[in-house]
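Single-structure report; data block below.
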Amino acid sequence: MSNDFYTNSILPHSGIIIKICRAYTDTQEDFEDYYQEVCLQIWRSKDRFREESKWSTWIYRLALNCCLTLIKKKKNNRQNIASDFEQKEIGEENKIFEDESLNLLYVAIRKLSEIDRAIILLYLEEKPYDIIAEIIGTSNNNIAVRIIRIKERLKKLLDGKIN
Amino acid sequence: MEKSIETIWKEGFVKDDKLIAPKVNDLYNQKSIDIVSKFKRMYKINVIAIVLFSFIILPVSFVVKIPYMGIMMFFLFNVIIIVNRKTIYKLNKIDNSLNSYEYLLSFKGWTDELIAVNTKFSRFLYPYMFLTMFFGFWCGPIGGDIPGEVVVKGFVAEFPNTPMVFGFPLIFVGVMIFAMLFLALVGGRIGKWDFNLGYGRIMRRLKTMIKDMEELKQ
């Protein structure tokens, strides 16, 4: 991967890649692995970008798919990962951000299913419903209904300070 | 009033330096360890399978009364095991304290050596296997008629003027020599094909990783 490609095409979108990777990992080490893997996948797949969507939308999709694949692999490798996730609350390793509410929100997001995590991340990044629907591969209506449910679940978790 | 999740998200990231991207430098450490250990595992399983097979085929060949083939196969498999033990010893000597790139290069060097040994060995292996199977069927089971002799008698009766070499029709010897020479000639290629069948995917991944790392190093 050339420095130019990384600096010009990936780095401007690193914020969203970081946000997505954080939602699918619970340790700094995993986060860095996921981030690097996503960057590598973007670089490897760059020739397949057909300009049918925006570069940023394409990166979202790729980052999400990559994280979903990695999390599946990880689950297959360590079958007890689900129980690990369940047990992790707001321990030291989850205090990544300075803002305490944001740390809590991330813990709550990690409680969601993998697809729901993808949807809420895109929603929080203010992506229009049709773009979210395109990335996830479903209809606008489904997305709208799903977002309401996810928000309710998150609110419940945050009000009860997770559990 | 409690903040909405949208507000938490927006405000939380405003002045946070946690959105600074991590360095993309450690990309291949885990991958290189994974790929080498996967290869080692597959390779060792293969060697164990050959050991088991060699010890199964020997008694089985006696039970079904074709011991010549069994003994020759047992000998062949044990030569393969000895060759492989030597290569495993070299594989275990690769220094895993090297950085990922050097580690993968050392591993690639080892696989190149393995392929070269395998290719040379295959030039003898396949003619030998052919010979083993030929004699196995020629001699047949102990106690009954020898199928090879029956065939020769029939052939000589049909073509009484056929030239003979050490009791065999010349044409038989010619076909045997041709088949063995042919197998010796293509044995290397068969060996490579056989290697690729088992390890091709992992070798392609290894090459891609080394290529990626070379680009990353630039």
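All residue names refer to the structure tokens as shown: chains lettered A, B, ... in order, residues numbered from 1 in each chain, ligands numbered from 1 in order.
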Who sits within 6 Å of segment 186-191 of chain B, only C-alpha atoms, same chain under 3 positions skipped, as a VMD selection string: chain B and resid 119 122 to 123 126 183 194
If we count only C-alpha atoms and set the cut-off at 10 Å, which residues sit around segment 101-106 of chain A, ignoring sequence neighbours fewer than 2 positions away in its own chain? Please answer as JSON, numbers by chain. {"A": [19, 22, 23, 24, 26, 89, 90, 94, 95, 96, 97, 98, 99, 108, 109, 110, 111, 117, 154, 155, 157, 158, 161, 162], "B": [3, 5, 7, 8, 9, 10, 11, 12, 13]}
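Relative to atom CA of Glu125 of chain A, atom CA of Ser113 of chain A is found at 18.3 Å.
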Given the choices B:Val51, B:Val36, B:Ile45, B:Ile146, which gets closest to Met203 of chain B if the distance is worked out from only C-alpha atoms? B:Val36
Taking the DSSP secondary structure from the backbone, can you list the residues of segment 72-147 of chain B that are alpha helix (DSSP H), as JSON, numbers by chain? {"B": [72, 73, 74, 75, 76, 77, 78, 79, 80, 81, 82, 83, 84, 85, 86, 87, 88, 89, 90, 91, 92, 100, 101, 102, 103, 104, 105, 106, 107, 108, 109, 110, 111, 112, 113, 114, 115, 116, 117, 118, 119, 120, 121, 122, 123, 124, 125, 126, 127, 128, 129, 130, 131, 132, 133, 134, 135, 136, 137, 138, 139, 147]}
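Excluding Arg61 of chain A itself and any same-chain residue fewer than 3 positions from it, the protein and nucleic acid residues within 8 Å of it, counting only C-alpha atoms, are A:Thr57, A:Trp58, A:Leu64, A:Asn65, A:Ile135, A:Ile136.
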Write out, as a compact mmCIF listing (two decimals), in the first residue's frame, the residues just selected, with C-alpha atoms.
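Full text of again-v2.txt as output:
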# COMPACT_ATOMS: atom_id res chain seq x y z
CA THR A 57 -20.09 5.21 0.92
CA TRP A 58 -18.01 2.47 -0.63
CA LEU A 64 -18.59 -2.83 7.77
CA ASN A 65 -18.26 -5.99 5.71
CA ILE A 135 -25.17 -0.35 2.30
CA ILE A 136 -27.05 -2.88 4.41
